[in-house]
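Chemist: Structure file entry08.cif (mmCIF, C-alpha atoms (C1' of nucleotides)) is given on the next line.
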data_run
#
loop_
_atom_site.label_atom_id
_atom_site.label_comp_id
_atom_site.auth_asym_id
_atom_site.auth_seq_id
_atom_site.Cartn_x
_atom_site.Cartn_y
_atom_site.Cartn_z
CA MET A 1 154.67 89.00 9.45
CA ASN A 2 152.74 86.73 11.72
CA VAL A 3 151.48 83.34 10.62
CA VAL A 4 149.53 80.47 12.11
CA ASN A 5 152.44 78.09 11.82
CA ASP A 6 153.47 75.36 14.22
CA SER A 7 157.18 75.85 14.57
CA PRO A 8 158.98 74.31 17.53
CA ARG A 9 159.59 77.83 18.78
CA ARG A 10 155.87 78.44 18.86
CA LYS A 11 155.30 75.19 20.76
CA GLU A 12 157.72 76.29 23.43
CA LEU A 13 156.16 79.74 23.70
CA THR A 14 152.75 78.12 24.01
CA ARG A 15 153.97 76.02 26.91
CA GLN A 16 155.28 79.07 28.71
CA ALA A 17 152.06 80.96 28.07
CA ALA A 18 150.06 78.13 29.63
CA GLN A 19 152.08 78.46 32.81
CA LEU A 20 151.32 82.17 33.09
CA PHE A 21 147.65 81.75 32.19
CA VAL A 22 147.30 79.33 35.08
CA GLN A 23 149.12 81.57 37.54
CA GLU A 24 147.37 84.80 36.66
CA GLY A 25 144.34 83.92 34.58
CA TYR A 26 144.02 84.81 30.92
CA ASP A 27 142.65 88.33 31.32
CA ARG A 28 145.18 89.31 33.93
CA THR A 29 148.11 88.04 31.86
CA THR A 30 149.34 90.91 29.69
CA VAL A 31 151.26 90.52 26.48
CA ARG A 32 154.15 92.24 28.25
CA MET A 33 154.15 89.59 31.00
CA LEU A 34 154.04 86.84 28.40
CA ALA A 35 156.93 88.39 26.47
CA LYS A 36 159.01 88.79 29.61
CA GLU A 37 158.48 85.14 30.54
CA MET A 38 159.53 84.18 27.01
CA GLY A 39 162.61 86.36 27.12
CA ILE A 40 161.55 88.63 24.25
CA LYS A 41 159.86 92.02 23.87
CA SER A 42 156.11 92.35 23.67
CA GLY A 43 156.12 93.38 20.03
CA SER A 44 158.02 90.24 19.01
CA LEU A 45 155.23 88.12 20.35
CA PHE A 46 153.05 89.04 17.43
CA HIS A 47 155.50 87.49 15.03
CA HIS A 48 154.40 84.08 16.34
CA PHE A 49 150.74 84.71 17.14
CA SER A 50 148.35 87.03 15.35
CA ASP A 51 146.77 88.17 18.60
CA LYS A 52 146.46 87.31 22.27
CA GLN A 53 143.45 85.05 21.81
CA GLU A 54 145.40 82.88 19.41
CA ILE A 55 147.86 82.10 22.19
CA LEU A 56 144.97 80.91 24.33
CA ALA A 57 143.63 78.75 21.52
CA ALA A 58 147.08 77.23 20.99
CA VAL A 59 147.36 76.32 24.67
CA ILE A 60 143.97 74.64 24.74
CA GLU A 61 144.59 72.81 21.47
CA GLU A 62 147.80 71.30 22.83
CA GLY A 63 146.07 70.05 25.98
CA THR A 64 143.10 68.54 24.25
CA LYS A 65 145.16 66.76 21.61
CA SER A 66 147.34 65.30 24.31
CA ALA A 67 144.31 64.03 26.20
CA LEU A 68 142.99 62.32 23.09
CA THR A 69 146.31 60.65 22.35
CA ILE A 70 146.76 59.36 25.89
CA ALA A 71 143.19 58.07 26.12
CA HIS A 72 143.43 56.22 22.81
CA ARG A 73 146.67 54.56 23.81
CA ALA A 74 145.30 53.61 27.22
CA LEU A 75 142.28 51.90 25.69
CA GLU A 76 144.43 50.03 23.18
CA LEU A 77 146.72 48.69 25.87
CA SER A 78 143.88 47.86 28.22
CA ASP A 79 142.14 44.58 28.81
CA SER A 80 138.79 44.48 27.02
CA SER A 81 136.67 43.95 30.14
CA PRO A 82 134.38 46.87 31.03
CA GLU A 83 136.02 47.22 34.43
CA ALA A 84 139.54 47.32 33.00
CA ARG A 85 138.46 49.90 30.45
CA LEU A 86 136.86 52.05 33.14
CA HIS A 87 140.06 51.92 35.16
CA ALA A 88 142.13 52.68 32.08
CA MET A 89 140.12 55.75 31.14
CA ALA A 90 140.08 57.15 34.66
CA ARG A 91 143.84 56.69 34.93
CA ALA A 92 144.45 58.18 31.51
CA HIS A 93 142.30 61.16 32.37
CA LEU A 94 144.22 61.92 35.53
CA GLU A 95 147.52 61.20 33.83
CA THR A 96 146.97 63.85 31.19
CA LEU A 97 145.38 66.18 33.73
CA PHE A 98 148.60 66.26 35.72
CA THR A 99 151.29 65.92 33.07
CA ASP A 100 149.73 68.68 30.95
CA ARG A 101 148.22 70.33 33.97
CA ASN A 102 148.68 73.91 32.84
CA ALA A 103 147.05 73.41 29.50
CA HIS A 104 144.10 71.57 31.04
CA VAL A 105 143.51 74.10 33.77
CA VAL A 106 143.46 76.79 31.10
CA ALA A 107 141.05 74.74 29.00
CA LEU A 108 138.72 74.27 31.95
CA TYR A 109 138.80 77.84 33.20
CA GLU A 110 139.34 80.06 30.19
CA TRP A 111 137.28 78.29 27.56
CA ARG A 112 134.79 81.13 27.31
CA ARG A 113 137.50 83.61 26.42
CA LEU A 114 138.00 81.90 23.05
CA ASP A 115 136.48 83.64 20.06
CA GLN A 116 133.78 81.85 18.08
CA PRO A 117 135.95 80.31 15.31
CA ALA A 118 138.44 78.89 17.81
CA LYS A 119 135.63 77.56 19.95
CA GLU A 120 134.05 75.77 17.01
CA TYR A 121 137.30 74.09 16.03
CA LEU A 122 138.23 73.05 19.55
CA VAL A 123 134.79 71.81 20.50
CA HIS A 124 135.20 69.03 17.92
CA LEU A 125 138.37 67.84 19.60
CA ARG A 126 136.65 67.88 22.98
CA ASP A 127 133.63 66.03 21.64
CA ALA A 128 135.86 63.30 20.25
CA TYR A 129 137.39 62.86 23.69
CA GLU A 130 134.05 62.77 25.45
CA ALA A 131 132.77 60.19 22.98
CA LEU A 132 135.52 57.84 24.15
CA TRP A 133 134.33 58.24 27.71
CA GLN A 134 130.71 57.72 26.76
CA GLY A 135 131.55 54.42 25.12
CA VAL A 136 133.35 53.13 28.19
CA ILE A 137 130.52 54.20 30.48
CA ASP A 138 127.89 52.61 28.28
CA ASP A 139 129.75 49.31 28.45
CA ALA A 140 130.01 49.53 32.22
CA LEU A 141 126.29 50.22 32.50
CA SER A 142 125.39 47.30 30.21
CA ALA A 143 127.60 45.01 32.25
CA GLY A 144 125.80 46.12 35.42
CA LEU A 145 129.08 47.37 36.79
CA ILE A 146 127.59 50.75 37.61
CA LYS A 147 124.05 52.05 37.98
CA GLY A 148 122.26 55.15 36.75
CA ASP A 149 121.37 57.31 33.81
CA ARG A 150 124.02 57.25 31.09
CA PHE A 151 124.16 61.02 30.59
CA LEU A 152 124.20 61.87 34.28
CA VAL A 153 126.80 59.24 35.11
CA SER A 154 129.12 60.74 32.47
CA CYS A 155 128.66 64.23 33.83
CA PHE A 156 129.20 63.17 37.42
CA VAL A 157 132.33 61.19 36.62
CA MET A 158 133.84 63.94 34.47
CA GLY A 159 133.04 66.39 37.23
CA ALA A 160 134.64 64.31 39.94
CA LEU A 161 137.78 63.88 37.82
CA ASN A 162 138.11 67.41 36.51
CA TRP A 163 137.51 68.86 39.94
CA THR A 164 140.72 67.20 41.12
CA VAL A 165 142.74 70.06 39.61
CA ARG A 166 141.30 72.21 42.39
CA TRP A 167 142.47 70.14 45.33
CA TYR A 168 144.99 67.52 44.25
CA ASN A 169 148.57 68.09 45.26
CA PRO A 170 150.95 66.15 42.99
CA ALA A 171 153.65 66.46 45.64
CA GLY A 172 151.43 64.72 48.20
CA GLU A 173 151.34 61.05 49.01
CA ARG A 174 148.62 59.91 46.64
CA THR A 175 149.44 59.02 43.05
CA PRO A 176 147.05 59.78 40.19
CA GLU A 177 146.61 56.01 39.77
CA GLU A 178 145.39 55.70 43.35
CA LEU A 179 142.93 58.51 42.73
CA ALA A 180 141.57 56.78 39.66
CA ASP A 181 141.23 53.49 41.48
CA GLU A 182 139.44 55.12 44.40
CA LEU A 183 136.93 56.74 42.08
CA VAL A 184 136.18 53.40 40.47
CA ILE A 185 135.73 51.85 43.91
CA LEU A 186 133.26 54.59 44.77
CA ILE A 187 131.01 54.04 41.79
CA ILE A 188 131.07 50.35 40.97
CA GLN A 189 128.55 48.01 42.54
CA ARG A 190 130.03 45.11 44.48
CA GLY A 191 127.26 43.42 46.36
CA GLY A 192 127.54 44.51 49.96
CA MET B 1 132.40 108.43 51.99
CA ASN B 2 132.43 104.72 51.45
CA VAL B 3 131.82 102.22 54.21
CA VAL B 4 131.63 98.47 54.59
CA ASN B 5 127.97 98.58 55.55
CA ASP B 6 125.25 96.14 54.65
CA SER B 7 122.42 98.36 53.57
CA PRO B 8 119.59 96.89 51.51
CA ARG B 9 120.80 99.00 48.60
CA ARG B 10 124.17 97.31 48.80
CA LYS B 11 122.53 93.89 48.84
CA GLU B 12 120.69 94.69 45.65
CA LEU B 13 123.80 96.04 43.96
CA THR B 14 125.66 92.90 44.99
CA ARG B 15 123.00 90.75 43.36
CA GLN B 16 123.28 92.68 40.13
CA ALA B 17 127.06 92.50 40.20
CA ALA B 18 126.89 88.71 40.55
CA GLN B 19 124.87 88.53 37.35
CA LEU B 20 127.46 90.50 35.41
CA PHE B 21 130.40 88.63 36.92
CA VAL B 22 128.87 85.38 35.68
CA GLN B 23 128.17 86.73 32.20
CA GLU B 24 131.52 88.39 31.61
CA GLY B 25 133.89 87.13 34.27
CA TYR B 26 135.26 89.32 37.03
CA ASP B 27 138.22 90.76 35.16
CA ARG B 28 136.24 91.58 32.06
CA THR B 29 133.50 93.32 34.04
CA THR B 30 134.45 97.00 34.31
CA VAL B 31 133.20 99.34 37.00
CA ARG B 32 131.46 101.25 34.22
CA MET B 33 129.54 98.14 33.16
CA LEU B 34 128.59 97.47 36.76
CA ALA B 35 127.41 101.05 37.24
CA LYS B 36 125.36 100.99 34.06
CA GLU B 37 123.64 97.76 35.12
CA MET B 38 122.89 99.37 38.47
CA GLY B 39 121.55 102.53 36.87
CA ILE B 40 124.18 104.82 38.40
CA LYS B 41 127.47 106.38 37.31
CA SER B 42 130.76 104.62 37.84
CA GLY B 43 131.95 107.08 40.50
CA SER B 44 128.84 106.50 42.62
CA LEU B 45 129.72 102.84 42.88
CA PHE B 46 132.54 103.68 45.26
CA HIS B 47 130.10 105.10 47.72
CA HIS B 48 128.91 101.55 48.41
CA PHE B 49 132.11 99.58 47.95
CA SER B 50 135.64 100.68 48.71
CA ASP B 51 137.00 99.04 45.57
CA LYS B 52 136.15 96.52 42.88
CA GLN B 53 137.46 93.55 44.83
CA GLU B 54 135.07 94.30 47.68
CA ILE B 55 132.15 93.78 45.31
CA LEU B 56 133.50 90.36 44.46
CA ALA B 57 133.90 89.50 48.13
CA ALA B 58 130.33 90.63 48.83
CA VAL B 59 128.98 88.39 46.08
CA ILE B 60 130.84 85.34 47.34
CA GLU B 61 129.89 86.00 50.96
CA GLU B 62 126.20 86.08 50.06
CA GLY B 63 126.41 82.78 48.21
CA THR B 64 128.34 80.94 50.88
CA LYS B 65 126.10 82.12 53.72
CA SER B 66 123.07 81.02 51.77
CA ALA B 67 124.58 77.57 51.23
CA LEU B 68 125.25 77.19 54.94
CA THR B 69 121.71 78.22 55.89
CA ILE B 70 120.06 75.87 53.41
CA ALA B 71 122.28 72.92 54.37
CA HIS B 72 121.62 73.39 58.09
CA ARG B 73 117.87 73.53 57.55
CA ALA B 74 117.93 70.47 55.29
CA LEU B 75 119.75 68.41 57.90
CA GLU B 76 117.35 69.50 60.64
CA LEU B 77 114.30 68.53 58.62
CA SER B 78 115.84 65.27 57.44
CA ASP B 79 115.39 61.79 58.78
CA SER B 80 118.38 60.75 60.90
CA SER B 81 119.36 57.72 58.79
CA PRO B 82 122.69 58.06 56.95
CA GLU B 83 121.00 57.53 53.62
CA ALA B 84 118.37 60.21 54.24
CA ARG B 85 121.05 62.64 55.36
CA LEU B 86 123.11 61.95 52.25
CA HIS B 87 120.10 62.61 50.06
CA ALA B 88 119.27 65.75 52.02
CA MET B 89 122.75 67.21 51.67
CA ALA B 90 122.98 66.46 47.96
CA ARG B 91 119.57 68.04 47.37
CA ALA B 92 120.42 71.06 49.49
CA HIS B 93 123.67 71.53 47.64
CA LEU B 94 121.98 71.55 44.25
CA GLU B 95 119.13 73.68 45.56
CA THR B 96 121.45 76.48 46.66
CA LEU B 97 123.60 75.97 43.56
CA PHE B 98 120.68 76.82 41.32
CA THR B 99 118.69 79.33 43.37
CA ASP B 100 121.80 81.41 44.08
CA ARG B 101 123.46 80.28 40.89
CA ASN B 102 125.19 83.53 40.04
CA ALA B 103 126.82 83.90 43.41
CA HIS B 104 128.01 80.28 43.42
CA VAL B 105 129.39 80.37 39.92
CA VAL B 106 131.34 83.46 40.90
CA ALA B 107 132.56 81.76 44.07
CA LEU B 108 133.74 78.74 42.12
CA TYR B 109 135.39 80.60 39.24
CA GLU B 110 136.63 83.86 40.68
CA TRP B 111 137.83 82.79 44.10
CA ARG B 112 141.46 83.47 43.28
CA ARG B 113 140.72 87.08 42.42
CA LEU B 114 139.99 87.80 46.09
CA ASP B 115 142.69 89.60 48.02
CA GLN B 116 144.27 87.85 50.99
CA PRO B 117 142.14 89.35 53.81
CA ALA B 118 138.88 88.55 52.01
CA LYS B 119 140.10 85.07 51.25
CA GLU B 120 140.92 84.40 54.88
CA TYR B 121 137.52 85.52 56.05
CA LEU B 122 135.58 83.62 53.41
CA VAL B 123 137.57 80.42 53.73
CA HIS B 124 136.17 80.03 57.23
CA LEU B 125 132.64 80.13 55.91
CA ARG B 126 133.48 77.57 53.28
CA ASP B 127 135.20 75.31 55.78
CA ALA B 128 132.10 75.36 57.97
CA TYR B 129 130.05 74.23 55.02
CA GLU B 130 132.45 71.48 54.07
CA ALA B 131 132.51 70.22 57.64
CA LEU B 132 128.78 69.55 57.37
CA TRP B 133 129.42 67.45 54.30
CA GLN B 134 132.27 65.58 55.92
CA GLY B 135 130.04 64.57 58.81
CA VAL B 136 127.38 63.17 56.52
CA ILE B 137 129.92 61.27 54.47
CA ASP B 138 131.60 59.82 57.55
CA ASP B 139 128.24 58.46 58.70
CA ALA B 140 127.56 56.94 55.30
CA LEU B 141 130.97 55.26 55.32
CA SER B 142 130.47 53.88 58.84
CA ALA B 143 127.09 52.51 57.86
CA GLY B 144 128.68 50.76 54.87
CA LEU B 145 126.44 52.75 52.55
CA ILE B 146 129.39 53.87 50.46
CA LYS B 147 132.95 52.67 50.05
CA GLY B 148 136.29 54.43 49.87
CA ASP B 149 138.66 56.85 51.50
CA ARG B 150 136.85 59.56 53.47
CA PHE B 151 138.85 62.47 52.05
CA LEU B 152 138.71 61.30 48.46
CA VAL B 153 135.01 60.48 48.61
CA SER B 154 134.32 64.05 49.78
CA CYS B 155 136.36 65.54 47.02
CA PHE B 156 134.79 63.36 44.34
CA VAL B 157 131.25 64.08 45.52
CA MET B 158 131.82 67.82 45.80
CA GLY B 159 133.39 67.75 42.36
CA ALA B 160 130.50 65.87 40.77
CA LEU B 161 128.02 68.29 42.33
CA ASN B 162 129.85 71.55 41.69
CA TRP B 163 130.60 70.55 38.13
CA THR B 164 126.86 70.57 37.43
CA VAL B 165 126.96 74.36 37.01
CA ARG B 166 128.88 73.72 33.80
CA TRP B 167 126.34 71.50 32.09
CA TYR B 168 123.02 71.57 33.92
CA ASN B 169 120.19 73.42 32.21
CA PRO B 170 117.53 74.47 34.76
CA ALA B 171 115.04 74.86 31.91
CA GLY B 172 115.56 71.22 30.88
CA GLU B 173 113.52 68.25 31.97
CA ARG B 174 115.53 67.15 34.99
CA THR B 175 114.93 68.73 38.40
CA PRO B 176 117.76 69.34 40.87
CA GLU B 177 116.16 66.72 43.11
CA GLU B 178 116.44 64.11 40.38
CA LEU B 179 120.09 65.02 39.92
CA ALA B 180 120.76 64.58 43.61
CA ASP B 181 118.97 61.24 43.69
CA GLU B 182 120.88 59.99 40.66
CA LEU B 183 124.19 60.86 42.26
CA VAL B 184 123.26 58.94 45.40
CA ILE B 185 122.25 55.97 43.23
CA LEU B 186 125.64 56.10 41.55
CA ILE B 187 127.68 55.95 44.73
CA ILE B 188 125.76 53.83 47.21
CA GLN B 189 126.34 50.09 47.39
CA ARG B 190 123.25 47.99 46.89
CA GLY B 191 124.33 44.43 46.46
CA GLY B 192 124.11 43.69 42.71
"C1'" DC C 1 113.87 125.52 59.76
"C1'" DA C 2 119.00 124.50 60.41
"C1'" DG C 3 121.92 120.44 60.36
"C1'" DT C 4 123.07 115.93 58.93
"C1'" DT C 5 123.45 112.18 55.99
"C1'" DA C 6 122.96 108.81 52.21
"C1'" DA C 7 123.06 108.65 47.46
"C1'" DC C 8 124.41 110.28 43.45
"C1'" DC C 9 126.92 113.06 39.40
"C1'" DA C 10 130.47 115.36 36.20
"C1'" DA C 11 134.99 115.45 35.03
"C1'" DG C 12 139.17 113.63 34.66
"C1'" DC C 13 143.92 111.60 36.13
"C1'" DA C 14 147.64 108.28 35.88
"C1'" DA C 15 148.60 103.91 34.56
"C1'" DG C 16 148.28 100.10 31.81
"C1'" DC C 17 146.33 97.77 27.86
"C1'" DG C 18 146.60 95.22 23.01
"C1'" DC C 19 148.69 95.95 19.07
"C1'" DT C 20 151.35 98.29 15.02
"C1'" DA C 21 155.05 100.29 12.15
"C1'" DG C 22 159.42 100.12 10.53
"C1'" DG C 23 163.83 98.55 10.88
"C1'" DG C 24 168.21 95.58 12.34
"C1'" DC C 25 170.67 91.30 12.15
"C1'" DG C 26 172.52 86.69 11.47
"C1'" DG C 27 172.11 82.36 8.97
"C1'" DC C 28 170.52 80.15 4.96
"C1'" DT C 29 170.40 79.49 -0.24
"C1'" DA C 30 171.70 80.66 -5.20
"C1'" DT D 1 178.43 87.93 -2.87
"C1'" DA D 2 173.47 89.12 -3.22
"C1'" DG D 3 168.99 88.30 -1.79
"C1'" DC D 4 165.81 86.37 1.35
"C1'" DC D 5 163.71 85.05 5.60
"C1'" DG D 6 162.94 83.98 10.49
"C1'" DC D 7 163.31 86.31 14.60
"C1'" DC D 8 163.71 90.06 17.26
"C1'" DC D 9 163.85 95.26 18.74
"C1'" DT D 10 162.47 100.30 19.59
"C1'" DA D 11 159.01 103.40 19.97
"C1'" DG D 12 154.67 104.66 20.56
"C1'" DC D 13 149.48 105.19 19.23
"C1'" DG D 14 144.84 105.15 20.69
"C1'" DC D 15 142.08 103.49 24.01
"C1'" DT D 16 140.31 101.66 28.48
"C1'" DT D 17 141.05 100.81 33.14
"C1'" DG D 18 140.12 101.50 38.40
"C1'" DC D 19 139.55 105.10 41.11
"C1'" DT D 20 139.44 110.23 43.00
"C1'" DT D 21 137.79 114.82 43.70
"C1'" DG D 22 134.58 118.25 44.76
"C1'" DG D 23 130.09 119.25 44.58
"C1'" DT D 24 124.58 118.65 44.23
"C1'" DT D 25 120.15 116.92 45.77
"C1'" DA D 26 116.44 115.02 48.40
"C1'" DA D 27 115.03 112.85 52.57
"C1'" DC D 28 115.28 112.66 57.38
"C1'" DT D 29 115.91 114.64 62.34
"C1'" DG D 30 115.81 117.69 66.35
#
I'd like the structure from this file rewritten - as structure tokens, please.
Modeler:
Amino acid sequence: MNVVNDSPRRKELTRQAAQLFVQEGYDRTTVRMLAKEMGIKSGSLFHHFSDKQEILAAVIEEGTKSALTIAHRALELSDSSPEARLHAMARAHLETLFTDRNAHVVALYEWRRLDQPAKEYLVHLRDAYEALWQGVIDDALSAGLIKGDRFLVSCFVMGALNWTVRWYNPAGERTPEELADELVILIIQRGG
Amino acid sequence: MNVVNDSPRRKELTRQAAQLFVQEGYDRTTVRMLAKEMGIKSGSLFHHFSDKQEILAAVIEEGTKSALTIAHRALELSDSSPEARLHAMARAHLETLFTDRNAHVVALYEWRRLDQPAKEYLVHLRDAYEALWQGVIDDALSAGLIKGDRFLVSCFVMGALNWTVRWYNPAGERTPEELADELVILIIQRGG
DNA sequence: CAGTTAACCAAGCAAGCGCTAGGGCGGCTA
DNA sequence: TAGCCGCCCTAGCGCTTGCTTGGTTAACTG
């Protein structure tokens, strides 16, 4: 019957589920709503996913993997100076946050709805991503580019960036790059 | 039958509801769970609140009013220098965030579950609070204490602070005051 | 002591929920 | 041409949901 495969069909269904999860929230999204959005009947849904939670896990997995890929590429392409790397990471973060917006909003808001096994698997992906950030921040601190406690700086920066999903309007006049640059301006020390 | 009063009993029930909403999320919290926590039967709940959404609105109203009160008092007691006011607001924000933690977490996570009328009423309270912040940030910008765009700086600072509810452990070694001070260190410009 | 009221309970309704069982169908492969 | 498999459907089971109804009880008030 139902398997944990990764067919292209399943990828597409996952993308559509993310959209609905953002609009309605995970709990409020019924399997019948999901099926309707996908153009199938609710029973058919369980051919692709073993249960509703697995759809949630699939959405979050997609988003997190994408974030990792984008961040790695950004660091590879970036200049090696601490400031360039800080810019690169901030830009990459906002880039993935808005290109895979649905998946990331779901990851940020519905994380606790995951069951324990899914949480354990996905937390490793998230840790890998956060380790990238920690490295960049450590370098910036060593270079005297920013000031403060390494743990708190990470938390504050991640907070400032992730919070953007609550207020940023992609159709507005500011680009994600401008946002990233403004954040770096706010936190780096430039004798004044 | 049921009225929109503000009896002390209702206040207490609201506090207990906040606790459950944080633990389980609004949607997952059933009226039967709420009633059990309150030591009554589910039907009796509707003597105090006209429906489930009204409980949510009551929780968020409590939290926001508390934030406003604490922020006002902090600014009155504070020195008038831009830096002192920035510190005072950051400390006040974290103080209310952790003393009325349940209510604020609910406000941050379950806002979209409010119906339109409740949202319209509560958004005024929130705007009043954010106006206080905007004033303090404008002063800090004018004084050259921080750098950047006034709107973006507000959003980043609010994000960094509100995000703390996701990682801060009140039982840990850092006090909310230390957190506030560290954030100010991160963003103010001190010739380096 | 009659009248009022706030607070609660027992019982249950209608709707919606996640999920299952069993089968149909068209496109592959042998 | 036979057998298989991926994908989908119909029908519905068992349960939970928010909320209602009609009534009880104890405390207050004139």
Chemist: Give me, please, the distance in Å between CA of Ala128 (chain B) and CA of Leu68 (chain B), quoted to one decimal.
Modeler: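 According to the coordinates, CA of Ala128 (chain B) and CA of Leu68 (chain B) are separated by 7.7 Å.
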Chemist: Which residues come within 8 Å of region 86-88 of chain B, counting all atoms listed in the file, excluding same-chain residues fewer than 4 positions away, as a PyMOL selection string?
Modeler: chain B and resi 74-75+78+82+92+136-137+140+180-181+184
Chemist: Might you spell out which residues the PyMOL selection byres ((chain B and resi 174-179) around 8) would select in the displayed file, as a ChimeraX atom specification?
Modeler: /A:152 /B:91,94-95,170,172-173,180-183
Chemist: Evaluate the PyMOL selection byres ((chain B) within 9 of (chain C)) here and jot the selected residues down as a list of chain:residue names.
Modeler: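 On this input, the PyMOL selection byres ((chain B) within 9 of (chain C)) captures B:Ile40, B:Lys41, B:Gly43, B:Ser44, B:His47.
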Chemist: Counting only C-alpha atoms (C1' of nucleotides), which residues of chain D come no farther than 12 Å from chain A, as a PyMOL selection string?
Modeler: chain D and resi 5-12
Chemist: Would you mind listing what lies within 10 Å of Asp27 (chain B) as a PyMOL selection string, with only C-alpha atoms (C1' of nucleotides) counted and same-chain residues fewer than 4 positions away left out?
Modeler: (chain A and resi 25-28) or (chain B and resi 21+52+110+113)
Chemist: Spell out the residues picked by the PyMOL selection byres ((chain A) within 8 of (chain B)) here, as a VMD selection string.
Modeler: chain A and resid 27 to 28 109 144 146 to 149 152 to 153 155 to 164 167 179 182 to 183 185 to 192
Chemist: Save out the residues we just selected, C-alpha atoms, as a short mmCIF file (atom, residue, chain, number, x, y, z; two decimals), in the coordinates of the input.
Modeler:
data_model
loop_
_atom_site.label_atom_id
_atom_site.label_comp_id
_atom_site.auth_asym_id
_atom_site.auth_seq_id
_atom_site.Cartn_x
_atom_site.Cartn_y
_atom_site.Cartn_z
CA ASP A 27 142.65 88.33 31.32
CA ARG A 28 145.18 89.31 33.93
CA TYR A 109 138.80 77.84 33.20
CA GLY A 144 125.80 46.12 35.42
CA ILE A 146 127.59 50.75 37.61
CA LYS A 147 124.05 52.05 37.98
CA GLY A 148 122.26 55.15 36.75
CA ASP A 149 121.37 57.31 33.81
CA LEU A 152 124.20 61.87 34.28
CA VAL A 153 126.80 59.24 35.11
CA CYS A 155 128.66 64.23 33.83
CA PHE A 156 129.20 63.17 37.42
CA VAL A 157 132.33 61.19 36.62
CA MET A 158 133.84 63.94 34.47
CA GLY A 159 133.04 66.39 37.23
CA ALA A 160 134.64 64.31 39.94
CA LEU A 161 137.78 63.88 37.82
CA ASN A 162 138.11 67.41 36.51
CA TRP A 163 137.51 68.86 39.94
CA THR A 164 140.72 67.20 41.12
CA TRP A 167 142.47 70.14 45.33
CA LEU A 179 142.93 58.51 42.73
CA GLU A 182 139.44 55.12 44.40
CA LEU A 183 136.93 56.74 42.08
CA ILE A 185 135.73 51.85 43.91
CA LEU A 186 133.26 54.59 44.77
CA ILE A 187 131.01 54.04 41.79
CA ILE A 188 131.07 50.35 40.97
CA GLN A 189 128.55 48.01 42.54
CA ARG A 190 130.03 45.11 44.48
CA GLY A 191 127.26 43.42 46.36
CA GLY A 192 127.54 44.51 49.96
#
Chemist: Quick one: pull the distance between CA of Arg15 (chain A) and CA of Arg32 (chain A), Å, one decimal.
Modeler: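 Computed distance, CA of Arg15 (chain A) to CA of Arg32 (chain A), equals 16.3 Å.
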Chemist: Mind pulling up the distance from CA of Asn102 (chain A) to CA of Gly63 (chain A)?
Modeler: 8.3 Å
Chemist: N, CA, C and O atoms for region 115-123 of chain B, written as an mmCIF file, in the coordinates of the input, could you do that?
Modeler:
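Written file, selection.cif:
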data_model
loop_
_atom_site.group_PDB
_atom_site.id
_atom_site.type_symbol
_atom_site.label_atom_id
_atom_site.label_comp_id
_atom_site.auth_asym_id
_atom_site.auth_seq_id
_atom_site.Cartn_x
_atom_site.Cartn_y
_atom_site.Cartn_z
ATOM 1 N N ASP B 115 141.423 89.291 47.361
ATOM 2 C CA ASP B 115 142.690 89.600 48.020
ATOM 3 C C ASP B 115 142.809 88.768 49.303
ATOM 4 O O ASP B 115 141.865 88.126 49.743
ATOM 5 N N GLN B 116 143.976 88.761 49.885
ATOM 6 C CA GLN B 116 144.270 87.850 50.990
ATOM 7 C C GLN B 116 143.299 87.980 52.172
ATOM 8 O O GLN B 116 142.780 86.978 52.655
ATOM 9 N N PRO B 117 143.044 89.211 52.662
ATOM 10 C CA PRO B 117 142.140 89.350 53.810
ATOM 11 C C PRO B 117 140.749 88.761 53.531
ATOM 12 O O PRO B 117 140.205 88.020 54.361
ATOM 13 N N ALA B 118 140.202 89.071 52.368
ATOM 14 C CA ALA B 118 138.880 88.550 52.010
ATOM 15 C C ALA B 118 138.913 87.031 51.943
ATOM 16 O O ALA B 118 138.007 86.352 52.426
ATOM 17 N N LYS B 119 139.975 86.505 51.374
ATOM 18 C CA LYS B 119 140.100 85.070 51.250
ATOM 19 C C LYS B 119 140.100 84.402 52.626
ATOM 20 O O LYS B 119 139.434 83.404 52.844
ATOM 21 N N GLU B 120 140.836 84.993 53.538
ATOM 22 C CA GLU B 120 140.920 84.400 54.880
ATOM 23 C C GLU B 120 139.580 84.390 55.584
ATOM 24 O O GLU B 120 139.225 83.428 56.258
ATOM 25 N N TYR B 121 138.837 85.475 55.420
ATOM 26 C CA TYR B 121 137.520 85.520 56.050
ATOM 27 C C TYR B 121 136.568 84.495 55.431
ATOM 28 O O TYR B 121 135.895 83.735 56.127
ATOM 29 N N LEU B 122 136.549 84.462 54.107
ATOM 30 C CA LEU B 122 135.580 83.620 53.410
ATOM 31 C C LEU B 122 135.918 82.136 53.502
ATOM 32 O O LEU B 122 135.033 81.293 53.447
ATOM 33 N N VAL B 123 137.192 81.831 53.664
ATOM 34 C CA VAL B 123 137.570 80.420 53.730
ATOM 35 C C VAL B 123 136.989 79.768 54.987
ATOM 36 O O VAL B 123 136.685 78.579 54.998
#
